[in-house]
>>> print(open('structure.txt').read())   # compact mmCIF, C-alpha atoms and all ligand atoms
# COMPACT_ATOMS: atom_id res chain seq x y z
CA MET A 144 0.00 0.00 0.00
CA ALA A 145 1.41 3.41 -0.97
CA PHE A 146 1.66 6.00 1.81
CA ASP A 147 3.08 9.48 2.06
CA PRO A 148 6.48 9.51 3.76
CA ILE A 149 6.83 11.69 6.85
CA LEU A 150 8.91 14.72 5.95
CA LEU A 151 12.03 15.80 7.83
CA GLY A 152 12.57 19.46 8.66
CA VAL A 153 16.07 20.07 9.99
CA ASN A 154 16.38 22.87 12.54
CA ILE A 155 19.87 24.37 12.18
CA ASP A 156 19.69 26.88 15.06
CA HIS A 157 22.32 25.15 17.14
CA SER A 158 24.96 25.39 14.42
CA ALA A 159 24.59 29.14 14.98
CA THR A 160 24.70 28.59 18.77
CA LEU A 161 28.15 27.04 18.27
CA ARG A 162 29.29 29.94 16.08
CA GLN A 163 28.01 32.54 18.56
CA ALA A 164 29.92 30.80 21.37
CA ARG A 165 33.14 32.01 19.72
CA TYR A 166 32.18 34.80 17.29
CA ARG A 167 29.47 36.77 19.08
CA GLU A 168 31.45 39.97 18.47
CA ALA A 169 32.11 39.31 14.80
CA GLY A 170 29.45 41.82 13.76
CA ARG A 171 28.29 41.48 10.20
CA THR A 172 31.02 39.06 9.18
CA CYS A 173 29.90 35.65 7.99
CA GLY A 174 31.35 32.68 6.14
CA GLU A 175 35.15 32.47 5.72
CA PHE A 176 36.78 32.20 9.15
CA VAL A 177 33.57 32.66 11.13
CA GLU A 178 32.61 29.06 11.67
CA PRO A 179 30.49 27.07 11.50
CA ASP A 180 28.37 28.71 8.81
CA PRO A 181 24.72 27.68 9.39
CA VAL A 182 23.94 28.21 5.70
CA ALA A 183 26.63 25.69 4.71
CA VAL A 184 25.15 23.27 7.27
CA ALA A 185 21.68 23.75 5.77
CA LEU A 186 22.87 23.12 2.22
CA LEU A 187 24.63 19.90 3.24
CA ALA A 188 21.48 18.81 5.12
CA GLU A 189 19.44 19.41 1.96
CA GLN A 190 21.91 17.41 -0.14
CA ALA A 191 21.51 14.54 2.34
CA GLY A 192 17.72 14.54 1.96
CA ALA A 193 16.27 17.12 4.38
CA ASP A 194 12.83 18.10 3.12
CA GLY A 195 13.00 21.53 4.68
CA ILE A 196 15.13 23.78 6.87
CA THR A 197 13.89 25.52 10.02
CA VAL A 198 15.42 28.54 11.73
CA HIS A 199 14.21 30.53 14.71
CA LEU A 200 15.17 34.21 14.73
CA ARG A 201 14.85 34.84 18.45
CA GLU A 202 14.31 38.27 19.91
CA ASP A 203 17.62 38.02 21.81
CA ARG A 204 19.43 36.79 18.63
CA ARG A 205 21.22 34.15 20.66
CA HIS A 206 21.84 31.92 17.65
CA ILE A 207 20.44 32.70 14.19
CA GLN A 208 20.92 36.30 12.97
CA GLU A 209 18.98 38.22 10.29
CA ARG A 210 21.84 37.87 7.82
CA ASP A 211 21.79 34.07 8.23
CA VAL A 212 18.10 34.00 7.38
CA LEU A 213 18.52 36.23 4.33
CA ARG A 214 21.49 34.25 3.00
CA LEU A 215 19.64 31.01 3.63
CA ARG A 216 16.56 32.23 1.77
CA GLU A 217 18.76 32.97 -1.26
CA ALA A 218 20.80 29.78 -1.21
CA MET A 219 18.47 26.97 -0.16
CA GLN A 220 16.50 24.70 -2.47
CA THR A 221 13.89 23.14 -0.20
CA ARG A 222 11.24 24.71 2.06
CA LEU A 223 12.16 27.38 4.60
CA ASN A 224 10.16 27.16 7.83
CA PHE A 225 10.65 30.34 9.83
CA GLU A 226 9.99 30.04 13.57
CA MET A 227 8.99 33.27 15.24
CA ALA A 228 7.34 34.93 18.19
CA CYS A 229 4.02 36.79 17.84
CA ASP A 230 5.76 40.14 17.63
CA ASP A 231 5.00 42.99 15.19
CA VAL A 232 8.62 43.60 14.12
CA ILE A 233 9.23 39.94 13.39
CA VAL A 234 5.87 39.62 11.61
CA ASP A 235 6.97 42.41 9.22
CA PHE A 236 10.34 40.70 8.73
CA ALA A 237 8.56 37.42 7.87
CA LEU A 238 6.24 39.10 5.39
CA LYS A 239 9.26 40.54 3.57
CA LEU A 240 11.21 37.28 3.80
CA ARG A 241 8.34 35.17 2.42
CA PRO A 242 9.36 31.75 3.71
CA ALA A 243 7.20 28.76 2.73
CA SER A 244 5.85 28.63 6.27
CA VAL A 245 6.07 30.32 9.63
CA CYS A 246 5.73 28.50 12.93
CA LEU A 247 4.48 30.72 15.74
CA VAL A 248 6.14 29.88 19.04
CA PRO A 249 6.17 31.40 22.52
CA GLU A 250 9.45 33.05 23.48
CA LYS A 251 10.92 33.64 26.90
CA ARG A 252 14.35 35.12 27.33
CA GLN A 253 15.40 32.77 30.12
CA GLU A 254 14.64 29.48 28.37
CA ILE A 255 17.41 27.48 26.68
CA SER A 256 15.14 26.70 23.74
CA THR A 257 11.35 26.90 23.24
CA GLU A 258 9.88 25.27 26.33
CA GLY A 259 6.07 25.30 26.41
CA GLY A 260 3.55 25.44 23.60
CA LEU A 261 1.88 28.62 22.40
CA ASP A 262 -1.22 29.68 24.35
CA VAL A 263 -3.46 30.05 21.30
CA ALA A 264 -6.66 29.99 23.36
CA GLY A 265 -5.38 32.96 25.39
CA GLN A 266 -4.45 35.18 22.40
CA ARG A 267 -6.77 34.01 19.67
CA GLU A 268 -7.42 37.40 18.09
CA ARG A 269 -3.75 38.26 17.77
CA ILE A 270 -2.85 34.89 16.27
CA THR A 271 -5.85 34.97 13.93
CA ALA A 272 -4.66 38.35 12.62
CA ILE A 273 -1.10 37.10 12.06
CA ALA A 274 -2.32 33.92 10.33
CA ALA A 275 -4.53 36.02 8.02
CA LYS A 276 -1.59 38.26 7.03
CA MET A 277 0.54 35.19 6.31
CA THR A 278 -2.22 33.55 4.24
CA ASP A 279 -2.60 36.73 2.18
CA ALA A 280 1.16 36.64 1.52
CA GLY A 281 1.01 32.97 0.46
CA ILE A 282 2.78 31.75 3.62
CA GLN A 283 1.47 28.73 5.59
CA THR A 284 1.08 29.30 9.33
CA SER A 285 1.83 26.56 11.82
CA LEU A 286 1.10 26.90 15.56
CA PHE A 287 3.42 25.18 18.02
CA ILE A 288 1.07 23.86 20.70
CA ASP A 289 0.94 21.37 23.51
CA PRO A 290 -1.15 18.26 22.79
CA ASP A 291 -4.14 19.81 24.53
CA PRO A 292 -7.71 19.59 23.10
CA THR A 293 -8.48 23.22 24.03
CA GLN A 294 -5.43 24.50 22.16
CA ILE A 295 -6.30 22.40 19.11
CA ASP A 296 -9.82 23.85 18.99
CA ALA A 297 -8.36 27.33 19.39
CA ALA A 298 -5.79 26.67 16.65
CA LEU A 299 -8.56 25.62 14.28
CA ALA A 300 -10.50 28.79 15.06
CA THR A 301 -7.55 31.01 14.03
CA GLY A 302 -7.64 29.74 10.44
CA ALA A 303 -4.01 28.55 10.61
CA PRO A 304 -3.76 25.44 8.43
CA TRP A 305 -1.04 23.61 10.39
CA ILE A 306 -0.13 22.77 13.95
CA GLU A 307 3.14 21.47 15.33
CA LEU A 308 2.58 19.28 18.37
CA HIS A 309 5.11 19.93 21.14
CA THR A 310 6.78 16.59 21.85
CA GLY A 311 9.01 17.94 24.65
CA ALA A 312 6.96 16.55 27.54
CA PHE A 313 7.06 13.09 25.93
CA ALA A 314 10.82 13.37 25.34
CA ASN A 315 11.41 14.45 28.96
CA ALA A 316 9.29 11.54 30.24
CA TYR A 317 11.08 8.99 28.07
CA TYR A 318 12.78 7.11 30.92
CA ASP A 319 9.68 7.12 33.15
CA ALA A 320 7.53 4.36 31.64
CA PRO A 321 4.06 5.30 33.01
CA LEU A 322 4.51 9.00 32.30
CA ARG A 323 5.91 8.31 28.86
CA GLU A 324 2.85 6.16 28.07
CA GLU A 325 0.60 8.99 29.21
CA GLU A 326 2.44 11.53 27.06
CA ILE A 327 2.44 9.43 23.90
CA LEU A 328 -1.30 8.80 24.35
CA ARG A 329 -1.88 12.56 24.65
CA LEU A 330 0.06 13.10 21.44
CA ARG A 331 -1.85 10.36 19.59
CA ARG A 332 -5.23 11.72 20.71
CA ALA A 333 -4.24 15.28 19.85
CA ALA A 334 -3.06 14.26 16.37
CA GLU A 335 -6.32 12.39 15.78
CA GLN A 336 -8.42 15.37 16.91
CA ALA A 337 -6.42 17.81 14.79
CA ALA A 338 -6.50 15.65 11.67
CA GLN A 339 -10.27 15.09 12.05
CA SER A 340 -10.63 18.89 12.14
CA GLY A 341 -8.69 19.21 8.91
CA LEU A 342 -5.44 20.55 10.39
CA THR A 343 -2.10 19.35 9.04
CA VAL A 344 -0.15 17.77 11.90
CA ASN A 345 3.57 18.31 12.40
CA ALA A 346 5.54 17.57 15.56
CA GLY A 347 8.81 18.56 17.12
CA HIS A 348 11.05 19.26 20.11
CA GLY A 349 13.29 16.77 21.84
CA ILE A 350 12.94 14.09 19.15
CA ASN A 351 16.07 11.96 18.84
CA TYR A 352 17.33 8.76 17.16
CA VAL A 353 15.92 6.62 19.99
CA ASN A 354 12.56 8.11 20.93
CA ILE A 355 11.60 8.58 17.28
CA ARG A 356 10.44 4.95 17.12
CA GLU A 357 7.58 5.79 19.46
CA ILE A 358 6.98 9.20 17.86
CA LEU A 359 6.20 7.28 14.66
CA THR A 360 3.18 5.71 16.41
CA ILE A 361 1.49 9.15 16.38
CA PRO A 362 -1.05 9.08 13.52
CA HIS A 363 -1.35 11.59 10.65
CA LEU A 364 2.17 13.04 10.91
CA HIS A 365 3.11 15.26 7.99
CA GLU A 366 6.53 16.54 9.11
CA LEU A 367 8.89 16.26 12.06
CA ASN A 368 11.14 19.19 12.96
CA ILE A 369 14.35 18.01 14.55
CA GLY A 370 17.41 20.04 15.52
CA HIS A 371 19.50 19.24 18.56
CA SER A 372 19.80 15.51 18.03
CA ILE A 373 20.77 15.78 14.36
CA LEU A 374 23.36 18.49 15.01
CA SER A 375 24.78 16.54 17.95
CA ARG A 376 25.24 13.46 15.78
CA ALA A 377 26.71 15.66 13.06
CA LEU A 378 29.61 16.57 15.38
CA LEU A 379 30.64 12.91 15.35
CA TYR A 380 29.66 11.68 11.89
CA GLY A 381 28.96 14.76 9.76
CA ILE A 382 25.68 16.42 8.91
CA GLY A 383 25.11 14.27 5.81
CA GLU A 384 25.28 11.01 7.75
CA ALA A 385 23.15 12.46 10.57
CA VAL A 386 20.38 13.51 8.18
CA ARG A 387 20.48 10.26 6.17
CA THR A 388 20.24 8.20 9.38
CA MET A 389 17.26 10.23 10.63
CA LYS A 390 15.57 9.86 7.26
CA ALA A 391 16.06 6.09 7.57
CA ARG A 392 14.48 6.20 11.06
CA LEU A 393 11.52 8.05 9.53
CA ARG A 394 11.10 5.15 7.13
CA GLY A 395 11.07 2.84 10.16
CA GLU A 396 14.57 1.45 9.42
N1 LIG A 401 10.04 22.66 16.82
C1 LIG A 401 10.01 23.86 17.46
C2 LIG A 401 8.78 24.68 17.35
C3 LIG A 401 11.13 24.31 18.18
O1 LIG A 401 11.09 25.50 18.80
C4 LIG A 401 12.30 23.51 18.20
C5 LIG A 401 13.53 24.00 18.89
O2 LIG A 401 13.32 24.32 20.17
C6 LIG A 401 12.28 22.29 17.54
C7 LIG A 401 11.13 21.87 16.85
C8 LIG A 401 13.47 21.39 17.51
O3 LIG A 401 13.72 20.92 18.79
P1 LIG A 401 15.04 20.07 19.05
O4 LIG A 401 16.19 20.97 18.82
O5 LIG A 401 14.89 19.61 20.46
O6 LIG A 401 15.02 18.92 18.06
>>> encode(input="structure.txt", output="structure tokens")
Amino acid sequence: MAFDPILLGVNIDHSATLRQARYREAGRTCGEFVEPDPVAVALLAEQAGADGITVHLREDRRHIQERDVLRLREAMQTRLNFEMACDDVIVDFALKLRPASVCLVPEKRQEISTEGGLDVAGQRERITAIAAKMTDAGIQTSLFIDPDPTQIDAALATGAPWIELHTGAFANAYYDAPLREEEILRLRRAAEQAAQSGLTVNAGHGINYVNIREILTIPHLHELNIGHSILSRALLYGIGEAVRTMKARLRGE
């Protein structure tokens, strides 16, 4: 029986985290001696089979910078998924950038990376307005939410066509069998509810080469967005091998 393969979006933020650890003061310089270059990482990931590239331009610019995003937009061949906060300045940037999709995420300065899902129910009007602007510009909007029925209903009401289910709680519970079971059930139910409502279901955060086997039991998955685990493996084996191995995991190999 033919089935659509689950797509792999590679989040390259942490290649910029590594660069910023040494070259925070390098100003507008990029490429050449300022390493690693996230754009080069993205292009190698694409050559190895990544279906899309994700970057998150955070308010505090702790990893990806504007110039990375602009260079990436010019150079890449696959789909650019631009993660962003619900902030007017960044909304304008996204409308000019015109990525294939934006993923709206909550942002807190203190967190190491995005921690909780977006409270769509609590800011429905604002998110509805952003999603409408994106739709008018031909950009798909995805909402990064916890696997919570209320948030799924709220996401549907905004008119955004996609959601990304936050898999972080499942990943954190991985070595606690009862909790892990609870979390994977929440994700499966949420995916079912969202798909029945007509939403496209993506998932991401904390997915790695081990826990992905259980992630694949979530129904209706369109795309997984994975960053930290792929970049960590890339340090040992190279980004090409890391992406090819994750693609094989996605095929259940
Ligand atoms: N999806 C979203 C919305 C994210 O914010 C992130 C990064 O925090 C990821 C996926 C990737 O998470 P990870 O780096 O843990 O794979």
>>> residues_near_ligand(input="structure.txt", ligand="ligand LIG 401 (chain A)", cutoff="8 Å", atoms="all atoms listed in the file", output="VMD selection string")
chain A and resid 154 156 to 157 199 226 246 to 248 256 to 258 287 307 309 311 346 to 351 367 to 373
>>> write_last_selection(input="structure.txt", atoms="C-alpha atoms", output="PDB file, keeping the file's coordinate frame")
ATOM      1  CA  ASN A 154      16.380  22.870  12.540  1.00  0.00           C
ATOM      2  CA  ASP A 156      19.690  26.880  15.060  1.00  0.00           C
ATOM      3  CA  HIS A 157      22.320  25.150  17.140  1.00  0.00           C
ATOM      4  CA  HIS A 199      14.210  30.530  14.710  1.00  0.00           C
ATOM      5  CA  GLU A 226       9.990  30.040  13.570  1.00  0.00           C
ATOM      6  CA  CYS A 246       5.730  28.500  12.930  1.00  0.00           C
ATOM      7  CA  LEU A 247       4.480  30.720  15.740  1.00  0.00           C
ATOM      8  CA  VAL A 248       6.140  29.880  19.040  1.00  0.00           C
ATOM      9  CA  SER A 256      15.140  26.700  23.740  1.00  0.00           C
ATOM     10  CA  THR A 257      11.350  26.900  23.240  1.00  0.00           C
ATOM     11  CA  GLU A 258       9.880  25.270  26.330  1.00  0.00           C
ATOM     12  CA  PHE A 287       3.420  25.180  18.020  1.00  0.00           C
ATOM     13  CA  GLU A 307       3.140  21.470  15.330  1.00  0.00           C
ATOM     14  CA  HIS A 309       5.110  19.930  21.140  1.00  0.00           C
ATOM     15  CA  GLY A 311       9.010  17.940  24.650  1.00  0.00           C
ATOM     16  CA  ALA A 346       5.540  17.570  15.560  1.00  0.00           C
ATOM     17  CA  GLY A 347       8.810  18.560  17.120  1.00  0.00           C
ATOM     18  CA  HIS A 348      11.050  19.260  20.110  1.00  0.00           C
ATOM     19  CA  GLY A 349      13.290  16.770  21.840  1.00  0.00           C
ATOM     20  CA  ILE A 350      12.940  14.090  19.150  1.00  0.00           C
ATOM     21  CA  ASN A 351      16.070  11.960  18.840  1.00  0.00           C
ATOM     22  CA  LEU A 367       8.890  16.260  12.060  1.00  0.00           C
ATOM     23  CA  ASN A 368      11.140  19.190  12.960  1.00  0.00           C
ATOM     24  CA  ILE A 369      14.350  18.010  14.550  1.00  0.00           C
ATOM     25  CA  GLY A 370      17.410  20.040  15.520  1.00  0.00           C
ATOM     26  CA  HIS A 371      19.500  19.240  18.560  1.00  0.00           C
ATOM     27  CA  SER A 372      19.800  15.510  18.030  1.00  0.00           C
ATOM     28  CA  ILE A 373      20.770  15.780  14.360  1.00  0.00           C
TER      29      ILE A 373
END
>>> residues_around(input="structure.txt", residues="Ile282 in chain A", least_positions_apart="6", cutoff="8 Å", atoms="all atoms listed in the file", output="PyMOL selection string")
chain A and resi 241-245
>>> residues_around(input="structure.txt", residues="range 290-305 of chain A", least_positions_apart="3", cutoff="6 Å", atoms="all atoms listed in the file", output="number ranges by chain")
A: 263-264, 271, 274, 284-285, 308, 330, 333, 342-343
>>> closest_residue(input="structure.txt", among="A:Cys229, A:Ala314, A:Arg394, A:Val153", to="Leu187 in chain A", atoms="all atoms listed in the file")
A:Val153
>>> atom_distance(input="structure.txt", atom1="CA of Ala377 in chain A", atom2="CA of Gln220 in chain A")
20.7 Å
>>> residues_around(input="structure.txt", residues="Arg216 in chain A", least_positions_apart="2", cutoff="12 Å", atoms="only C-alpha atoms", output="list in words")
Val182, Ala185, Leu186, Gly195, Ile196, Thr197, Val198, Glu209, Arg210, Asp211, Val212, Leu213, Arg214, Ala218, Met219, Gln220, Thr221, Arg222, Leu223, Asn224, Phe225, Ala237, Lys239, Leu240, Arg241, Pro242 and Ala243 of chain A
>>> closest_residue(input="structure.txt", among="A:Asn354, A:Gln336, A:Gln283, A:Asn345", to="Tyr318 in chain A", atoms="all atoms listed in the file")
A:Asn354
>>> closest_residue(input="structure.txt", among="A:Ile207, A:Ala191, A:Val177, A:Ala312", to="Gly259 in chain A", atoms="only C-alpha atoms")
A:Ala312
>>> closest_residue(input="structure.txt", among="A:Pro179, A:Gly152, A:Gly395, A:Pro321", to="Ala193 in chain A", atoms="all atoms listed in the file")
A:Gly152
>>> atom_distance(input="structure.txt", atom1="CA of Ser158 in chain A", atom2="CA of Glu250 in chain A")
19.5 Å
>>> atom_distance(input="structure.txt", atom1="CA of Glu366 in chain A", atom2="CA of Glu324 in chain A")
21.9 Å
>>> residues_near_point(input="structure.txt", point="(0.4, 24.6, 22.5)", cutoff="6 Å", atoms="only C-alpha atoms", output="number ranges by chain")
A: 260-262, 287-289, 294
>>> residues_near_point(input="structure.txt", point="(11.4, 10.3, 5.4)", cutoff="8 Å", atoms="all atoms listed in the file", output="PyMOL selection string")
chain A and resi 148-151+389-394
>>> residues_around(input="structure.txt", residues="Tyr166 in chain A", least_positions_apart="4", cutoff="9 Å", atoms="all atoms listed in the file", output="PyMOL selection string")
chain A and resi 161-162+170+177-178
>>> decode(input="structure.txt", residues="range 148-170 of chain A", atoms="N, CA, C and O atoms", output="PDB file, in the first residue's frame")
ATOM      1  N   PRO A 148       5.431   9.549   2.738  1.00  0.00           N
ATOM      2  CA  PRO A 148       6.485   9.508   3.757  1.00  0.00           C
ATOM      3  C   PRO A 148       6.371  10.721   4.688  1.00  0.00           C
ATOM      4  O   PRO A 148       5.886  11.773   4.268  1.00  0.00           O
ATOM      5  N   ILE A 149       6.791  10.546   5.926  1.00  0.00           N
ATOM      6  CA  ILE A 149       6.825  11.691   6.855  1.00  0.00           C
ATOM      7  C   ILE A 149       8.044  12.535   6.472  1.00  0.00           C
ATOM      8  O   ILE A 149       9.149  12.007   6.274  1.00  0.00           O
ATOM      9  N   LEU A 150       7.833  13.827   6.381  1.00  0.00           N
ATOM     10  CA  LEU A 150       8.912  14.719   5.953  1.00  0.00           C
ATOM     11  C   LEU A 150       9.815  15.081   7.130  1.00  0.00           C
ATOM     12  O   LEU A 150       9.375  15.081   8.285  1.00  0.00           O
ATOM     13  N   LEU A 151      11.065  15.403   6.801  1.00  0.00           N
ATOM     14  CA  LEU A 151      12.031  15.802   7.831  1.00  0.00           C
ATOM     15  C   LEU A 151      12.432  17.260   7.636  1.00  0.00           C
ATOM     16  O   LEU A 151      13.048  17.626   6.623  1.00  0.00           O
ATOM     17  N   GLY A 152      12.076  18.087   8.622  1.00  0.00           N
ATOM     18  CA  GLY A 152      12.566  19.461   8.657  1.00  0.00           C
ATOM     19  C   GLY A 152      13.745  19.506   9.616  1.00  0.00           C
ATOM     20  O   GLY A 152      13.641  19.052  10.756  1.00  0.00           O
ATOM     21  N   VAL A 153      14.870  20.017   9.133  1.00  0.00           N
ATOM     22  CA  VAL A 153      16.066  20.074   9.989  1.00  0.00           C
ATOM     23  C   VAL A 153      16.215  21.496  10.537  1.00  0.00           C
ATOM     24  O   VAL A 153      16.302  22.466   9.782  1.00  0.00           O
ATOM     25  N   ASN A 154      16.207  21.582  11.866  1.00  0.00           N
ATOM     26  CA  ASN A 154      16.380  22.873  12.540  1.00  0.00           C
ATOM     27  C   ASN A 154      17.883  23.089  12.761  1.00  0.00           C
ATOM     28  O   ASN A 154      18.525  22.301  13.454  1.00  0.00           O
ATOM     29  N   ILE A 155      18.419  24.146  12.142  1.00  0.00           N
ATOM     30  CA  ILE A 155      19.874  24.369  12.175  1.00  0.00           C
ATOM     31  C   ILE A 155      20.295  25.411  13.217  1.00  0.00           C
ATOM     32  O   ILE A 155      21.457  25.829  13.244  1.00  0.00           O
ATOM     33  N   ASP A 156      19.378  25.824  14.079  1.00  0.00           N
ATOM     34  CA  ASP A 156      19.689  26.883  15.057  1.00  0.00           C
ATOM     35  C   ASP A 156      20.988  26.633  15.823  1.00  0.00           C
ATOM     36  O   ASP A 156      21.773  27.558  16.061  1.00  0.00           O
ATOM     37  N   HIS A 157      21.181  25.371  16.243  1.00  0.00           N
ATOM     38  CA  HIS A 157      22.317  25.150  17.138  1.00  0.00           C
ATOM     39  C   HIS A 157      23.673  25.167  16.425  1.00  0.00           C
ATOM     40  O   HIS A 157      24.704  25.256  17.078  1.00  0.00           O
ATOM     41  N   SER A 158      23.678  25.144  15.095  1.00  0.00           N
ATOM     42  CA  SER A 158      24.963  25.386  14.418  1.00  0.00           C
ATOM     43  C   SER A 158      25.332  26.855  14.633  1.00  0.00           C
ATOM     44  O   SER A 158      26.509  27.199  14.772  1.00  0.00           O
ATOM     45  N   ALA A 159      24.327  27.719  14.697  1.00  0.00           N
ATOM     46  CA  ALA A 159      24.594  29.139  14.985  1.00  0.00           C
ATOM     47  C   ALA A 159      24.915  29.342  16.470  1.00  0.00           C
ATOM     48  O   ALA A 159      25.694  30.229  16.816  1.00  0.00           O
ATOM     49  N   THR A 160      24.346  28.505  17.333  1.00  0.00           N
ATOM     50  CA  THR A 160      24.699  28.590  18.768  1.00  0.00           C
ATOM     51  C   THR A 160      26.201  28.364  18.928  1.00  0.00           C
ATOM     52  O   THR A 160      26.884  29.075  19.673  1.00  0.00           O
ATOM     53  N   LEU A 161      26.718  27.381  18.195  1.00  0.00           N
ATOM     54  CA  LEU A 161      28.149  27.045  18.274  1.00  0.00           C
ATOM     55  C   LEU A 161      28.991  28.215  17.736  1.00  0.00           C
ATOM     56  O   LEU A 161      30.005  28.596  18.330  1.00  0.00           O
ATOM     57  N   ARG A 162      28.565  28.785  16.632  1.00  0.00           N
ATOM     58  CA  ARG A 162      29.291  29.945  16.084  1.00  0.00           C
ATOM     59  C   ARG A 162      29.292  31.106  17.074  1.00  0.00           C
ATOM     60  O   ARG A 162      30.335  31.708  17.335  1.00  0.00           O
ATOM     61  N   GLN A 163      28.113  31.396  17.649  1.00  0.00           N
ATOM     62  CA  GLN A 163      28.007  32.538  18.559  1.00  0.00           C
ATOM     63  C   GLN A 163      28.861  32.340  19.821  1.00  0.00           C
ATOM     64  O   GLN A 163      29.282  33.317  20.437  1.00  0.00           O
ATOM     65  N   ALA A 164      29.110  31.072  20.178  1.00  0.00           N
ATOM     66  CA  ALA A 164      29.919  30.805  21.367  1.00  0.00           C
ATOM     67  C   ALA A 164      31.326  31.369  21.207  1.00  0.00           C
ATOM     68  O   ALA A 164      31.983  31.721  22.184  1.00  0.00           O
ATOM     69  N   ARG A 165      31.805  31.460  19.970  1.00  0.00           N
ATOM     70  CA  ARG A 165      33.141  32.013  19.720  1.00  0.00           C
ATOM     71  C   ARG A 165      33.095  33.405  19.081  1.00  0.00           C
ATOM     72  O   ARG A 165      33.887  34.274  19.399  1.00  0.00           O
ATOM     73  N   TYR A 166      32.141  33.613  18.143  1.00  0.00           N
ATOM     74  CA  TYR A 166      32.184  34.805  17.291  1.00  0.00           C
ATOM     75  C   TYR A 166      31.043  35.782  17.545  1.00  0.00           C
ATOM     76  O   TYR A 166      30.606  36.452  16.617  1.00  0.00           O
ATOM     77  N   ARG A 167      30.565  35.853  18.777  1.00  0.00           N
ATOM     78  CA  ARG A 167      29.466  36.772  19.083  1.00  0.00           C
ATOM     79  C   ARG A 167      29.768  38.206  18.668  1.00  0.00           C
ATOM     80  O   ARG A 167      28.905  38.953  18.257  1.00  0.00           O
ATOM     81  N   GLU A 168      31.064  38.580  18.760  1.00  0.00           N
ATOM     82  CA  GLU A 168      31.447  39.970  18.469  1.00  0.00           C
ATOM     83  C   GLU A 168      31.805  40.190  17.013  1.00  0.00           C
ATOM     84  O   GLU A 168      32.283  41.251  16.650  1.00  0.00           O
ATOM     85  N   ALA A 169      31.604  39.200  16.166  1.00  0.00           N
ATOM     86  CA  ALA A 169      32.114  39.313  14.796  1.00  0.00           C
ATOM     87  C   ALA A 169      31.246  40.205  13.908  1.00  0.00           C
ATOM     88  O   ALA A 169      31.481  40.308  12.711  1.00  0.00           O
ATOM     89  N   GLY A 170      30.243  40.844  14.494  1.00  0.00           N
ATOM     90  CA  GLY A 170      29.449  41.822  13.761  1.00  0.00           C
ATOM     91  C   GLY A 170      28.801  41.233  12.533  1.00  0.00           C
ATOM     92  O   GLY A 170      28.206  40.183  12.596  1.00  0.00           O
TER      93      GLY A 170
END
